[in-house]
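One file, model31.txt, is given below (compact mmCIF, C-alpha atoms).
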# COMPACT_ATOMS: atom_id res chain seq x y z
CA MET A 1 0.00 0.00 0.00
CA ALA A 2 1.48 3.23 -1.10
CA SER A 3 1.73 6.05 1.43
CA LYS A 4 0.48 9.62 0.62
CA THR A 5 2.65 12.54 1.07
CA SER A 6 1.14 16.02 1.79
CA HIS A 7 2.79 19.06 0.35
CA PHE A 8 2.25 22.61 1.55
CA GLU A 9 3.63 25.42 -0.46
CA PHE A 10 4.05 28.98 0.86
CA ASP A 11 4.63 32.10 -1.12
CA TRP A 12 6.57 34.65 0.85
CA TRP A 13 5.97 38.31 0.15
CA VAL A 14 8.44 40.93 1.09
CA VAL A 15 6.47 43.93 2.44
CA GLN A 16 8.04 47.24 3.30
CA LYS A 17 7.55 48.44 6.85
CA ARG A 18 6.19 51.79 5.61
CA ALA A 19 3.49 50.07 3.58
CA LEU A 20 2.43 48.11 6.68
CA HIS A 21 2.06 51.36 8.66
CA VAL A 22 -0.02 52.88 5.88
CA ALA A 23 -2.31 49.88 5.82
CA ILE A 24 -2.84 50.02 9.58
CA PHE A 25 -3.58 53.76 9.38
CA VAL A 26 -6.13 53.25 6.62
CA LEU A 27 -7.79 50.48 8.65
CA VAL A 28 -8.02 52.73 11.73
CA VAL A 29 -9.48 55.59 9.65
CA CYS A 30 -12.08 53.24 8.20
CA VAL A 31 -13.05 52.01 11.67
CA VAL A 32 -13.34 55.59 13.02
CA ALA A 33 -15.32 56.74 9.99
CA SER A 34 -17.68 53.82 10.39
CA GLY A 35 -18.15 54.66 14.06
CA VAL A 36 -18.82 58.35 13.33
CA THR A 37 -21.30 57.43 10.61
CA LEU A 38 -23.12 55.07 12.97
CA TYR A 39 -23.21 57.74 15.74
CA VAL A 40 -24.57 60.43 13.41
CA TRP A 41 -27.17 58.01 12.05
CA LYS A 42 -28.32 57.10 15.53
CA PHE A 43 -27.87 60.30 17.57
CA GLY A 44 -27.65 63.11 15.02
CA ASN A 45 -24.87 65.53 14.16
CA PRO A 46 -23.01 66.58 17.35
CA LEU A 47 -21.40 69.53 15.55
CA LYS A 48 -24.85 70.98 14.96
CA ARG A 49 -25.37 71.13 18.72
CA ALA A 50 -22.04 72.87 19.11
CA VAL A 51 -23.04 75.45 16.50
CA LEU A 52 -26.35 76.01 18.27
CA GLN A 53 -24.60 76.46 21.60
CA ASN A 54 -22.19 78.99 20.12
CA ASP A 55 -25.08 80.72 18.37
CA ALA A 56 -26.93 81.07 21.67
CA GLY A 57 -24.62 83.96 22.47
CA ALA A 58 -24.13 85.79 25.72
CA GLY A 59 -26.63 86.30 28.48
CA ALA A 60 -29.23 89.03 28.79
CA ARG A 61 -27.86 92.52 29.48
CA PHE A 62 -28.99 95.70 31.17
CA ILE A 63 -29.84 98.46 28.72
CA SER A 64 -30.32 100.95 31.54
CA PHE A 65 -31.08 101.02 35.24
CA ASP A 66 -31.82 103.57 37.95
CA GLY A 67 -31.79 103.41 41.72
CA ASN A 68 -31.25 100.25 43.72
CA VAL A 69 -31.14 97.22 41.40
CA ARG A 70 -29.56 93.93 42.48
CA VAL A 71 -28.73 90.65 40.76
CA ILE A 72 -28.57 87.22 42.42
CA HIS A 73 -26.50 84.82 40.31
CA ALA A 74 -27.96 81.32 40.34
CA ALA A 75 -24.60 79.59 39.93
CA THR A 76 -22.92 81.19 42.96
CA ARG A 77 -25.85 82.77 44.89
CA GLU A 78 -23.71 85.92 44.90
CA VAL A 79 -25.65 89.19 45.25
CA VAL A 80 -24.23 92.04 43.15
CA VAL A 81 -25.30 95.56 42.26
CA ALA A 82 -26.52 95.95 38.68
CA SER A 83 -24.00 97.18 36.11
CA ASN A 84 -23.71 97.20 32.33
CA ASP A 85 -20.98 94.55 32.49
CA ILE A 86 -23.26 91.96 34.10
CA GLN A 87 -24.70 89.17 31.96
CA LEU A 88 -27.88 87.44 33.10
CA TYR A 89 -28.13 83.68 32.64
CA PRO A 90 -30.90 81.13 33.32
CA GLY A 91 -31.70 81.06 37.02
CA ASP A 92 -30.45 84.59 37.74
CA THR A 93 -32.74 86.90 39.70
CA VAL A 94 -33.18 90.66 39.26
CA GLN A 95 -34.60 92.67 42.19
CA THR A 96 -35.57 96.34 42.24
CA GLU A 97 -36.18 98.34 45.40
CA ALA A 98 -38.71 101.16 45.78
CA ASP A 99 -36.30 103.53 44.01
CA GLY A 100 -35.11 101.07 41.37
CA ARG A 101 -36.05 100.13 37.83
CA ALA A 102 -34.24 98.36 35.02
CA ARG A 103 -34.49 97.76 31.28
CA ILE A 104 -33.06 94.45 30.02
CA ALA A 105 -32.33 93.22 26.47
CA MET A 106 -33.14 89.55 25.82
CA ALA A 107 -31.73 87.12 23.24
CA ASP A 108 -34.72 87.35 20.88
CA GLY A 109 -34.53 91.15 20.67
CA SER A 110 -37.33 91.68 23.18
CA THR A 111 -37.08 94.22 25.99
CA VAL A 112 -38.05 93.67 29.61
CA VAL A 113 -38.74 96.62 31.91
CA VAL A 114 -38.64 95.78 35.61
CA ARG A 115 -40.54 98.35 37.63
CA PRO A 116 -39.89 99.39 41.27
CA ASN A 117 -40.42 96.86 44.08
CA SER A 118 -40.28 93.90 41.70
CA THR A 119 -38.51 90.56 41.43
CA ILE A 120 -38.05 88.60 38.21
CA ILE A 121 -36.17 85.40 37.35
CA ILE A 122 -34.56 84.51 34.01
CA ARG A 123 -35.63 80.95 33.20
CA ASP A 124 -34.32 80.73 29.63
CA ASN A 125 -32.68 83.10 27.18
CA THR A 126 -31.37 81.35 24.09
CA SER A 127 -31.21 82.07 20.38
CA SER A 128 -30.06 79.70 17.63
CA GLU A 129 -29.87 79.28 13.87
CA GLY A 130 -28.98 82.92 13.37
CA GLY A 131 -31.91 84.12 15.44
CA LYS A 132 -34.51 82.04 13.59
CA ARG A 133 -35.18 80.03 16.73
CA SER A 134 -35.23 81.56 20.20
CA ASN A 135 -36.54 80.69 23.62
CA VAL A 136 -37.06 83.43 26.19
CA HIS A 137 -38.75 82.61 29.48
CA VAL A 138 -39.01 85.12 32.34
CA VAL A 139 -40.80 84.68 35.67
CA VAL A 140 -42.48 87.62 37.43
CA ASP A 141 -42.24 86.62 41.08
CA SER A 142 -43.56 89.92 42.48
CA GLY A 143 -44.23 93.47 41.37
CA GLN A 144 -44.67 94.48 37.75
CA MET A 145 -42.85 93.88 34.49
CA LEU A 146 -43.45 95.30 31.01
CA VAL A 147 -42.43 93.29 27.92
CA ARG A 148 -42.02 94.43 24.30
CA THR A 149 -41.38 91.74 21.70
CA PRO A 150 -40.08 92.29 18.14
CA GLU A 151 -41.42 90.56 15.05
CA GLN A 152 -40.95 86.83 15.66
CA SER A 153 -40.00 83.93 13.41
CA GLU A 154 -41.99 80.70 13.45
CA GLY A 155 -39.56 79.00 15.84
CA ALA A 156 -39.52 81.79 18.44
CA LYS A 157 -41.03 81.49 21.89
CA ASN A 158 -41.40 84.26 24.44
CA ILE A 159 -42.93 83.11 27.72
CA VAL A 160 -43.81 85.20 30.78
CA GLU A 161 -44.64 83.15 33.86
CA THR A 162 -46.31 84.35 37.06
CA PRO A 163 -47.18 82.38 40.21
CA LYS A 164 -50.62 81.56 38.74
CA THR A 165 -50.25 81.76 34.95
CA GLN A 166 -48.02 81.00 32.00
CA ASN A 167 -48.27 83.37 29.05
CA GLN A 168 -47.15 83.01 25.44
CA LEU A 169 -46.45 86.37 23.74
CA SER A 170 -46.76 86.84 20.00
CA GLY A 171 -44.50 89.08 17.95
CA GLN A 172 -44.78 92.87 18.18
CA THR A 173 -46.56 92.65 21.52
CA GLN A 174 -46.46 95.12 24.38
CA ALA A 175 -47.92 93.77 27.62
CA SER A 176 -47.48 94.23 31.36
CA PHE A 177 -47.78 91.59 34.08
CA GLY A 178 -48.46 92.49 37.71
CA VAL A 179 -48.26 90.33 40.84
CA THR A 180 -49.54 91.92 44.05
CA SER A 181 -48.64 91.15 47.64
CA GLU A 182 -52.28 90.11 48.21
CA GLY A 183 -51.86 87.16 45.83
CA THR A 184 -53.80 88.60 42.90
CA GLU A 185 -52.46 89.26 39.40
CA GLU A 186 -53.31 91.27 36.30
CA ILE A 187 -52.36 91.28 32.62
CA ARG A 188 -52.60 94.30 30.32
CA VAL A 189 -52.11 94.00 26.56
CA ASN A 190 -51.43 97.34 24.88
CA ALA A 191 -50.47 95.81 21.52
CA GLY A 192 -50.17 92.36 19.97
CA ALA A 193 -51.54 89.22 21.61
CA VAL A 194 -51.04 87.04 24.70
CA GLU A 195 -52.22 83.47 25.30
CA ALA A 196 -52.67 83.00 29.06
CA THR A 197 -53.04 79.64 30.81
CA ASN A 198 -53.61 79.14 34.54
CA ARG A 199 -52.50 76.21 36.68
CA ASN A 200 -55.78 74.38 36.02
CA GLY A 201 -55.29 74.54 32.26
CA GLU A 202 -57.90 77.24 31.68
CA ARG A 203 -56.99 79.52 28.78
CA ALA A 204 -57.64 83.12 27.88
CA SER A 205 -56.74 84.78 24.58
CA LEU A 206 -55.93 88.46 25.03
CA ARG A 207 -55.71 90.88 22.15
CA GLU A 208 -54.68 94.51 21.83
CA GLY A 209 -56.55 96.74 24.24
CA GLU A 210 -57.66 93.98 26.65
CA TYR A 211 -57.17 93.32 30.36
CA VAL A 212 -57.73 90.39 32.72
CA ALA A 213 -57.44 89.95 36.47
CA ILE A 214 -56.44 86.71 38.22
CA ASN A 215 -57.85 86.15 41.70
CA ARG A 216 -56.17 84.36 44.59
CA SER A 217 -57.44 80.96 43.50
CA GLY A 218 -55.97 81.47 40.03
CA THR A 219 -59.20 82.02 38.09
CA ILE A 220 -58.77 84.29 35.06
CA SER A 221 -61.51 86.87 34.59
CA LYS A 222 -63.19 87.45 31.26
CA PRO A 223 -61.20 89.86 29.09
CA GLN A 224 -62.43 93.42 29.42
CA ARG A 225 -61.60 96.61 27.62
CA LEU A 226 -58.24 97.97 28.74
CA LEU A 227 -58.35 101.19 30.72
CA GLU A 228 -55.49 103.19 29.28
CA VAL A 229 -53.32 105.68 31.12
CA PRO A 230 -54.67 109.25 31.55
CA GLU A 231 -52.60 111.84 29.70
CA PRO A 232 -51.10 114.59 31.92
CA SER A 233 -51.35 118.04 30.35
CA GLN A 234 -50.48 120.65 33.00
CA PRO A 235 -48.00 121.55 34.32
CA ARG A 236 -45.74 120.53 31.45
CA ASP A 237 -42.62 118.53 32.12
CA LEU A 238 -39.83 120.70 33.64
CA GLU A 239 -42.16 123.70 33.93
CA ARG A 240 -41.01 126.32 36.45
CA ILE A 241 -43.55 127.94 38.75
CA THR A 242 -42.80 130.94 40.98
CA VAL A 243 -44.22 131.13 44.51
CA GLY A 244 -46.71 133.83 45.46
CA VAL A 245 -46.51 136.43 48.22
CA SER A 246 -47.22 133.73 50.79
CA GLY A 247 -43.95 132.01 49.94
CA SER A 248 -45.72 128.93 48.53
CA ALA A 249 -47.39 127.99 45.26
CA ASN A 250 -50.75 126.53 44.28
CA VAL A 251 -50.28 124.32 41.24
CA SER A 252 -53.22 123.21 39.08
CA LEU A 253 -52.73 119.64 37.87
CA ARG A 254 -54.74 118.75 34.75
CA TRP A 255 -55.01 115.62 32.61
CA GLN A 256 -56.94 114.11 29.71
CA LYS A 257 -59.30 111.15 30.01
CA PRO A 258 -57.93 107.77 28.87
CA GLN A 259 -58.43 107.15 25.17
CA THR A 260 -59.99 103.75 25.87
CA GLY A 261 -61.97 102.45 28.83
CA MET A 262 -64.48 104.12 31.15
CA PRO A 263 -62.78 105.69 34.19
CA ALA A 264 -64.86 106.11 37.34
CA PHE A 265 -62.28 108.15 39.26
CA TYR A 266 -58.61 109.09 39.39
CA ARG A 267 -55.71 109.00 41.83
CA VAL A 268 -53.04 111.72 41.89
CA GLU A 269 -49.67 111.63 43.65
CA VAL A 270 -47.11 114.41 44.08
CA ALA A 271 -43.66 113.60 45.46
CA THR A 272 -40.13 114.89 45.74
CA SER A 273 -38.83 111.59 44.31
CA PRO A 274 -39.39 110.33 40.73
CA PHE A 275 -39.87 106.87 42.27
CA PHE A 276 -42.63 108.06 44.61
CA VAL A 277 -41.15 106.33 47.63
CA GLN A 278 -43.40 106.71 50.64
CA GLU A 279 -41.16 109.11 52.54
CA GLY A 280 -41.00 111.40 49.51
CA LYS A 281 -44.75 111.68 48.86
CA VAL A 282 -46.22 115.15 49.42
CA ILE A 283 -49.80 114.63 48.19
CA GLU A 284 -51.90 111.49 47.72
CA ARG A 285 -55.47 112.08 46.60
CA ASP A 286 -57.88 109.35 45.53
CA GLN A 287 -61.49 109.14 44.29
CA LEU A 288 -61.19 112.23 42.11
CA ALA A 289 -64.06 112.50 39.63
CA ALA A 290 -62.79 115.55 37.75
CA THR A 291 -59.77 115.72 35.45
CA GLN A 292 -58.02 118.38 37.51
CA PHE A 293 -56.75 118.90 41.03
CA SER A 294 -55.17 121.86 42.85
CA ALA A 295 -51.98 121.05 44.75
CA THR A 296 -51.70 123.77 47.39
CA ASP A 297 -49.01 125.18 49.67
CA LEU A 298 -46.04 123.80 47.74
CA ARG A 299 -42.77 125.25 48.99
CA PRO A 300 -39.78 125.92 46.69
CA GLY A 301 -38.27 122.73 45.36
CA ALA A 302 -38.54 120.08 42.64
CA TYR A 303 -41.69 117.93 42.46
CA PHE A 304 -42.89 114.97 40.42
CA TRP A 305 -46.51 114.06 39.74
CA ARG A 306 -48.37 111.17 38.19
CA ILE A 307 -51.96 110.08 37.61
CA ARG A 308 -53.84 106.82 37.10
CA ALA A 309 -57.48 105.92 36.48
CA SER A 310 -59.78 103.29 37.98
CA ALA A 311 -62.90 101.76 36.43
CA SER A 312 -66.07 100.75 38.28
CA SER A 313 -65.15 97.10 37.55
CA GLY A 314 -62.08 97.49 39.79
CA GLN A 315 -59.57 97.68 36.94
CA THR A 316 -56.86 100.30 37.42
CA SER A 317 -54.71 101.73 34.67
CA ASP A 318 -50.94 101.91 34.74
CA TRP A 319 -49.43 105.06 36.21
CA SER A 320 -48.59 107.84 33.80
CA GLU A 321 -44.90 108.58 33.33
CA PRO A 322 -43.84 111.05 36.06
CA LEU A 323 -43.69 114.69 35.04
CA LYS A 324 -41.50 117.15 36.86
CA PHE A 325 -42.15 120.75 37.81
CA ILE A 326 -40.04 123.14 39.87
CA VAL A 327 -41.40 125.64 42.36
CA LEU A 328 -39.09 128.65 42.58
CA SER A 329 -38.90 131.40 45.12
CA GLN A 330 -38.71 135.03 43.99
CA SER A 331 -35.80 135.54 41.61
CA GLY A 332 -32.47 135.72 43.29
CA SER A 333 -28.89 135.96 42.21
CA GLY A 334 -25.97 133.83 43.12
CA SER A 335 -24.23 130.63 42.20
CA VAL A 336 -25.16 127.05 42.93
CA SER A 337 -22.34 125.04 44.43
CA VAL A 338 -21.60 121.57 43.06
CA SER A 339 -18.62 119.58 44.29
CA ARG A 340 -16.95 116.19 43.90
CA LEU A 341 -17.97 115.87 40.26
CA THR A 342 -16.82 112.57 38.77
CA SER A 343 -17.68 110.39 35.78
CA ALA A 344 -17.50 106.60 35.59
CA TYR A 345 -17.55 104.66 32.33
CA LEU A 346 -20.09 101.79 32.33
CA GLY A 347 -19.52 100.37 28.86
CA GLY A 348 -20.93 101.08 25.41
CA ASP A 349 -21.93 104.75 25.38
CA LEU A 350 -23.03 104.83 29.03
CA TYR A 351 -21.57 106.87 31.90
CA ILE A 352 -22.56 107.62 35.50
CA ILE A 353 -22.10 111.22 36.64
CA ARG A 354 -21.82 111.70 40.41
CA GLY A 355 -21.45 114.74 42.64
CA SER A 356 -22.73 116.69 45.66
CA SER A 357 -24.76 119.86 46.13
CA ILE A 358 -27.39 121.33 48.43
CA PRO A 359 -30.27 118.87 49.00
CA GLY A 360 -33.06 119.48 46.50
CA THR A 361 -30.79 121.02 43.85
CA ASN A 362 -31.90 120.10 40.34
CA ILE A 363 -29.12 118.60 38.20
CA ALA A 364 -29.46 118.45 34.39
CA VAL A 365 -26.93 116.82 32.06
CA SER A 366 -27.23 115.50 28.49
CA GLY A 367 -31.01 115.56 28.53
CA ARG A 368 -31.25 113.67 31.84
CA GLU A 369 -32.22 115.16 35.20
CA THR A 370 -32.04 114.24 38.84
CA VAL A 371 -32.30 115.90 42.23
CA ALA A 372 -29.66 115.97 44.97
CA GLY A 373 -30.87 113.79 47.83
CA ALA A 374 -31.20 114.53 51.52
CA ASP A 375 -27.46 113.92 51.95
CA GLY A 376 -26.68 116.23 49.00
CA ASN A 377 -25.36 113.44 46.79
CA PHE A 378 -26.65 112.75 43.29
CA GLN A 379 -25.94 110.48 40.35
CA VAL A 380 -27.35 110.30 36.85
CA GLN A 381 -26.77 107.86 34.00
CA ILE A 382 -26.15 109.45 30.59
CA THR A 383 -25.32 108.44 27.03
CA ALA A 384 -22.32 109.98 25.23
CA ALA A 385 -20.80 109.00 21.90
CA ALA A 386 -17.19 107.83 21.63
CA GLY A 387 -15.89 111.21 20.49
CA VAL A 388 -17.40 113.21 23.36
CA ARG A 389 -14.73 114.21 25.87
CA GLU A 390 -16.79 116.28 28.33
CA VAL A 391 -20.37 117.20 29.19
CA MET A 392 -22.01 120.27 30.66
CA ILE A 393 -23.88 120.06 33.95
CA GLU A 394 -26.49 122.66 34.92
CA ALA A 395 -27.43 123.00 38.59
CA THR A 396 -30.58 124.93 39.61
CA ASN A 397 -31.60 125.62 43.22
CA SER A 398 -35.03 126.46 44.64
CA GLN A 399 -34.39 130.20 44.34
CA GLY A 400 -33.97 129.91 40.58
CA ASN A 401 -30.21 130.40 40.62
CA ARG A 402 -28.29 128.42 38.03
CA SER A 403 -24.68 127.44 37.58
CA GLN A 404 -22.91 125.36 34.96
CA TYR A 405 -20.02 122.94 35.37
CA ARG A 406 -18.05 120.70 33.05
CA VAL A 407 -17.00 117.15 33.76
CA SER A 408 -14.53 115.13 31.67
CA LEU A 409 -15.41 111.75 30.21
CA SER A 410 -12.88 108.98 29.79
CA ARG A 411 -13.31 105.41 28.55
CA SER A 412 -10.14 104.18 30.20
CA GLY A 413 -10.27 102.36 33.50
Could you write out this structure as structure tokens?
Amino acid sequence: MASKTSHFEFDWWVVQKRALHVAIFVLVVCVVASGVTLYVWKFGNPLKRAVLQNDAGAGARFISFDGNVRVIHAATREVVVASNDIQLYPGDTVQTEADGRARIAMADGSTVVVRPNSTIIIRDNTSSEGGKRSNVHVVVDSGQMLVRTPEQSEGAKNIVETPKTQNQLSGQTQASFGVTSEGTEEIRVNAGAVEATNRNGERASLREGEYVAINRSGTISKPQRLLEVPEPSQPRDLERITVGVSGSANVSLRWQKPQTGMPAFYRVEVATSPFFVQEGKVIERDQLAATQFSATDLRPGAYFWRIRASASSGQTSDWSEPLKFIVLSQSGSGSVSVSRLTSAYLGGDLYIIRGSSIPGTNIAVSGRETVAGADGNFQVQITAAAGVREVMIEATNSQGNRSQYRVSLSRSG
């Protein structure tokens, strides 16, 4: 029996080391590419998220502010005084005291105005895809906030939340949201539209010129015609009035009826502070049926006045913007002393001018005015273009004397 012999033949290839490295590199690239393709197919493009995050931009910023305005940063719980350098991110809180108010620019181009004695919280403030998609969400915890939205794209959302409602604002809307210490709320729509929903899912569609109240249990009233703000007519803003022989002045305050709504009566306030803090109020008069009121026995000094209307339904209008008038004693001569004049650059075109004078002295600079406080100190925020190197300050006392001063502006430091 013949035996079988097995033969194995091998062909040996001589491969260069460099070629082996290239082959391994190509294999690794193929594996990585396959993994990336699988990830994108399953989870989507991660670079798109990165673009959206970069497109979200910086936080909300203060456009302007007056008085005592504070910010509580959510990340650190640090409490800081408002400034133009501060950015507001989700979770941050803005608080205004009785003498404070602030105007804030949001990511979608909308503007938020925080009125005195108010607290708001930024819940969301993002913009993506070149502004085509945005999400702005602000909570009114207490007080009052006014919102103005620009024209919106289809993917934009602007939400205002209160303790009892959540509200979707359409584009080109102007609306105010108030939360009282008694647990009631109100919504005023001056322009545009608001879709309001309470905690029970009940909805109310508000259009231009409408108002609703929300009671303590969260029930939204039926929309009613908005009672607009009365229009002050006399005295005009910055009007100067000379005292009589008695050493005081009687000033006739006059206003026009609201253009919409049916007012039942009016409330007038006169104060030495543009914020109408309680200690600065000189006159408070309610239940006025006529459109005029005589403020009597006003001594020389600067005064502010405002008016609002109330309807028989209980609806009250917003306050009119404060107007200022100055009661002067008989003409005198002399200078008005102003000391410690300084300017501080805030960023952009904004500066703060500070100084000291006699309490009650009226200070005017670059179209803005303020009054020296009880301690004589004053400060006023102004706007000045990059090329402006100094501004003129005019100081006027209760006797009608005026003096002018110059203060230098610098963008360094």
Spatial neighbours of region 401-404 of chain A, 12 Å, only C-alpha atoms, chain gap at least 2 places, as an MDAnalysis selection string:
chainID A and resid 328:339 341 357 361:365 391:399 406:407
Could you please determine the separation between CA of Trp305 (chain A) and CA of Phe62 (chain A) in Å, to one decimal place?
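Here the two named atoms are 26.8 Å from each other.
For the atom pair formed by CA of Arg207 (chain A) and CA of Ala193 (chain A), the distance is 4.5 Å, given to one decimal.
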Might you pull out every residue within 6 Å of region 378-384 of chain A, with all atoms listed in the file counted and same-chain residues fewer than 2 positions away left off, and present them as a PyMOL selection string?
chain A and resi 349-355+372
Save the residues we just selected, C-alpha atoms, as a PDB file, in the coordinates of the input?
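The resulting result-v7.pdb:
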ATOM      1  CA  ASP A 349     -21.930 104.750  25.380  1.00  0.00           C
ATOM      2  CA  LEU A 350     -23.030 104.830  29.030  1.00  0.00           C
ATOM      3  CA  TYR A 351     -21.570 106.870  31.900  1.00  0.00           C
ATOM      4  CA  ILE A 352     -22.560 107.620  35.500  1.00  0.00           C
ATOM      5  CA  ILE A 353     -22.100 111.220  36.640  1.00  0.00           C
ATOM      6  CA  ARG A 354     -21.820 111.700  40.410  1.00  0.00           C
ATOM      7  CA  GLY A 355     -21.450 114.740  42.640  1.00  0.00           C
ATOM      8  CA  ALA A 372     -29.660 115.970  44.970  1.00  0.00           C
TER       9      ALA A 372
END
Within 10 Å of Glu182 (chain A), counting only C-alpha atoms, which residues qualify if same-chain residues fewer than 3 places away don't, as a PyMOL selection string?
chain A and resi 179+185+215-216
Do you know which residues are at most 7 Å from region 164-177 of chain A counting only C-alpha atoms, after dropping those on the same chain fewer than 6 positions away, and could you put them as a ChimeraX atom specification?
/A:144-152,158,186-199,218
I'd like the neighbourhood of Ser252 (chain A) as a list in words, where a residue qualifies if any of its atoms comes within 9 Å (using all atoms listed in the file), though same-chain residues fewer than 6 positions away should be ignored.
Gln234, Pro235, Gln292, Phe293, Ser294, Ala295 and Thr296 of chain A
To one decimal place, how far is CA of Ile241 (chain A) from CA of Pro359 (chain A) in Å?
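One can read the CA of Ile241 (chain A) to CA of Pro359 (chain A) distance as 19.1 Å.
Using only C-alpha atoms, the smallest distance between any of A:Arg299, A:Lys324, A:Arg225, A:Lys132 and Gly247 (chain A) comes from A:Arg299.
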Please return as an mmCIF file with C-alpha atoms, keeping the file's coordinate frame every residue within 12 Å of (-58.6, 99.3, 36.6), taking into account all atoms listed in the file and the file's own coordinates.
data_model
loop_
_atom_site.group_PDB
_atom_site.id
_atom_site.type_symbol
_atom_site.label_atom_id
_atom_site.label_comp_id
_atom_site.auth_asym_id
_atom_site.auth_seq_id
_atom_site.Cartn_x
_atom_site.Cartn_y
_atom_site.Cartn_z
ATOM 1 C CA GLU A 186 -53.310 91.270 36.300
ATOM 2 C CA ILE A 187 -52.360 91.280 32.620
ATOM 3 C CA ARG A 188 -52.600 94.300 30.320
ATOM 4 C CA GLU A 210 -57.660 93.980 26.650
ATOM 5 C CA TYR A 211 -57.170 93.320 30.360
ATOM 6 C CA VAL A 212 -57.730 90.390 32.720
ATOM 7 C CA ALA A 213 -57.440 89.950 36.470
ATOM 8 C CA GLN A 224 -62.430 93.420 29.420
ATOM 9 C CA ARG A 225 -61.600 96.610 27.620
ATOM 10 C CA LEU A 226 -58.240 97.970 28.740
ATOM 11 C CA LEU A 227 -58.350 101.190 30.720
ATOM 12 C CA GLU A 228 -55.490 103.190 29.280
ATOM 13 C CA VAL A 229 -53.320 105.680 31.120
ATOM 14 C CA PRO A 230 -54.670 109.250 31.550
ATOM 15 C CA PRO A 258 -57.930 107.770 28.870
ATOM 16 C CA THR A 260 -59.990 103.750 25.870
ATOM 17 C CA GLY A 261 -61.970 102.450 28.830
ATOM 18 C CA MET A 262 -64.480 104.120 31.150
ATOM 19 C CA PRO A 263 -62.780 105.690 34.190
ATOM 20 C CA ALA A 264 -64.860 106.110 37.340
ATOM 21 C CA PHE A 265 -62.280 108.150 39.260
ATOM 22 C CA TYR A 266 -58.610 109.090 39.390
ATOM 23 C CA ARG A 267 -55.710 109.000 41.830
ATOM 24 C CA ARG A 308 -53.840 106.820 37.100
ATOM 25 C CA ALA A 309 -57.480 105.920 36.480
ATOM 26 C CA SER A 310 -59.780 103.290 37.980
ATOM 27 C CA ALA A 311 -62.900 101.760 36.430
ATOM 28 C CA SER A 312 -66.070 100.750 38.280
ATOM 29 C CA SER A 313 -65.150 97.100 37.550
ATOM 30 C CA GLY A 314 -62.080 97.490 39.790
ATOM 31 C CA GLN A 315 -59.570 97.680 36.940
ATOM 32 C CA THR A 316 -56.860 100.300 37.420
ATOM 33 C CA SER A 317 -54.710 101.730 34.670
ATOM 34 C CA ASP A 318 -50.940 101.910 34.740
ATOM 35 C CA TRP A 319 -49.430 105.060 36.210
#
So which residues are close to (-35.5, 98.4, 46.4), meaning at most 7 Å away in the file's coordinates with only C-alpha atoms counted, and can you show them as a tab-separated table (two decimals) with C-alpha atoms, keeping the file's coordinate frame?
chain	number	residue	atom	x	y	z
A	68	ASN	CA	-31.25	100.25	43.72
A	69	VAL	CA	-31.14	97.22	41.40
A	96	THR	CA	-35.57	96.34	42.24
A	97	GLU	CA	-36.18	98.34	45.40
A	98	ALA	CA	-38.71	101.16	45.78
A	99	ASP	CA	-36.30	103.53	44.01
A	100	GLY	CA	-35.11	101.07	41.37
A	116	PRO	CA	-39.89	99.39	41.27
A	117	ASN	CA	-40.42	96.86	44.08
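Using all atoms listed in the file, the nearest neighbour of Val138 (chain A) within the list A:Thr93, A:Thr291, A:Ser153, A:Ser83 is A:Thr93.
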Could you check the closest approach to Arg236 (chain A) for each of A:Ala75, A:Ala290, A:Leu323, A:Val114 and tell me which residue wins, using all atoms listed in the file?
A:Leu323
Here is a test: counting only C-alpha atoms, which residue of A:Asp124, A:Asp85, A:Glu161, A:Asp237 is nearest to Val140 (chain A)?
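Smallest distance to Val140 (chain A) is found for A:Glu161.
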Around all the atoms of region 354-358 of chain A listed in the file, draw an axis-aligned box and extend it by 5 Å on each of the six sides; I want its centre and edge lengths in Å to one decimal, as AutoDock Vina command-line options.
--center_x -24.4 --center_y 116.5 --center_z 44.4 --size_x 15.9 --size_y 19.6 --size_z 18.0
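Of the residues listed (A:Ile283, A:Val94, A:Ile120, A:Val136), A:Val136 shows the shortest atom-to-atom separation from Met106 (chain A); distances use all atoms listed in the file.
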Determine the nearest neighbour of Ser181 (chain A) from the options A:Gly373, A:Gly244, A:Pro163, A:Gly143, counting all atoms listed in the file.
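Selected residue with least distance to Ser181 (chain A): A:Gly143.
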